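The structure appears below as structure tokens.
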Amino acid sequence: IESVYPLINFLEDPKRFRSEPKGMFLAQKEMRRRDQTLLIVYHSHPSSEPEPSLEDLRNSLSDEIACMIVGLSGE
């Protein structure tokens with residue numbers, strides 16, 4: 001992993017996430033400039049286990065890009 005591009009939640013909702021369009025555009029532009037390939041998309045579940053929700057599965061970008069979920073519930 002060479003770079004990480006944190007994105008802002010456009011929905012401002014702790015249970016749903018949609019990347020803010022300008023941030024996504026700038027991240028993709030920078031990746032092209034650096035000749036980088038998107039390998040993984042990550043997000044957190046602040047109050048639940050790191051299991052993909054139905055919305056996570058629907059919003060999956062492709063079978064070639066991994067999705068990592070960080071569960072923040074519990075200890």
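Ordering of the structure tokens sets the chain letters (A, B, ...); residue numbers start at 1 within each chain; ligands are numbered from 1 in the order shown.
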
Leaving out Leu57 (chain A) and any residue of its chain fewer than 3 positions from it, which residues lie within 12 Å of it when counting only C-alpha atoms, given as an mmCIF file with N, CA, C and O atoms, in the first residue's frame?
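This went into selection.cif:
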data_model
loop_
_atom_site.group_PDB
_atom_site.id
_atom_site.type_symbol
_atom_site.label_atom_id
_atom_site.label_comp_id
_atom_site.auth_asym_id
_atom_site.auth_seq_id
_atom_site.Cartn_x
_atom_site.Cartn_y
_atom_site.Cartn_z
ATOM 1 N N GLU A 51 -19.287 -6.992 9.666
ATOM 2 C CA GLU A 51 -19.964 -7.824 8.680
ATOM 3 C C GLU A 51 -20.608 -6.912 7.635
ATOM 4 O O GLU A 51 -21.233 -5.915 7.993
ATOM 5 N N PRO A 52 -20.502 -7.233 6.347
ATOM 6 C CA PRO A 52 -21.101 -6.361 5.330
ATOM 7 C C PRO A 52 -22.626 -6.335 5.435
ATOM 8 O O PRO A 52 -23.265 -7.376 5.569
ATOM 9 N N SER A 53 -23.170 -5.143 5.389
ATOM 10 C CA SER A 53 -24.627 -4.988 5.376
ATOM 11 C C SER A 53 -25.120 -5.206 3.945
ATOM 12 O O SER A 53 -24.328 -5.284 3.002
ATOM 13 N N LEU A 54 -26.435 -5.267 3.783
ATOM 14 C CA LEU A 54 -26.995 -5.387 2.432
ATOM 15 C C LEU A 54 -26.593 -4.181 1.588
ATOM 16 O O LEU A 54 -26.276 -4.309 0.407
ATOM 17 N N SER A 60 -20.886 -2.401 -3.529
ATOM 18 C CA SER A 60 -19.565 -2.936 -3.857
ATOM 19 C C SER A 60 -19.146 -2.452 -5.242
ATOM 20 O O SER A 60 -19.926 -2.486 -6.191
ATOM 21 N N LEU A 61 -17.913 -1.962 -5.369
ATOM 22 C CA LEU A 61 -17.458 -1.389 -6.636
ATOM 23 C C LEU A 61 -17.242 -2.437 -7.710
ATOM 24 O O LEU A 61 -17.632 -2.259 -8.845
ATOM 25 N N SER A 62 -16.587 -3.524 -7.358
ATOM 26 C CA SER A 62 -16.364 -4.605 -8.319
ATOM 27 C C SER A 62 -15.772 -5.798 -7.593
ATOM 28 O O SER A 62 -15.325 -5.694 -6.447
ATOM 29 N N ASP A 63 -15.737 -6.929 -8.262
ATOM 30 C CA ASP A 63 -15.132 -8.132 -7.682
ATOM 31 C C ASP A 63 -13.619 -8.009 -7.607
ATOM 32 O O ASP A 63 -12.962 -8.784 -6.931
ATOM 33 N N ALA A 66 -11.108 -5.100 -3.298
ATOM 34 C CA ALA A 66 -11.459 -5.654 -1.995
ATOM 35 C C ALA A 66 -12.131 -4.588 -1.131
ATOM 36 O O ALA A 66 -11.894 -3.395 -1.288
ATOM 37 N N CYS A 67 -12.971 -5.047 -0.221
ATOM 38 C CA CYS A 67 -13.631 -4.159 0.731
ATOM 39 C C CYS A 67 -13.268 -4.625 2.138
ATOM 40 O O CYS A 67 -13.427 -5.795 2.461
ATOM 41 N N MET A 68 -12.758 -3.712 2.953
ATOM 42 C CA MET A 68 -12.416 -4.032 4.332
ATOM 43 C C MET A 68 -13.325 -3.224 5.242
ATOM 44 O O MET A 68 -13.522 -2.019 5.042
ATOM 45 N N ILE A 69 -13.900 -3.896 6.223
ATOM 46 C CA ILE A 69 -14.777 -3.240 7.203
ATOM 47 C C ILE A 69 -14.114 -3.359 8.566
ATOM 48 O O ILE A 69 -13.730 -4.438 8.985
#

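The smallest atom-to-atom distance between Glu2 (chain A) and any of A:Gln36, A:Ser44, A:Asp56, A:Ser73, using only C-alpha atoms, is found for A:Gln36.
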
Within 7 Å of His45 (chain A), counting only C-alpha atoms, which residues show up once you throw out same-chain ones fewer than 6 positions away? Write them as a PyMOL selection string, please. chain A and resi 69-72

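Taking CA of Gly23 (chain A) as the reference point, CA of Ser48 (chain A) is found at 26.0 Å.
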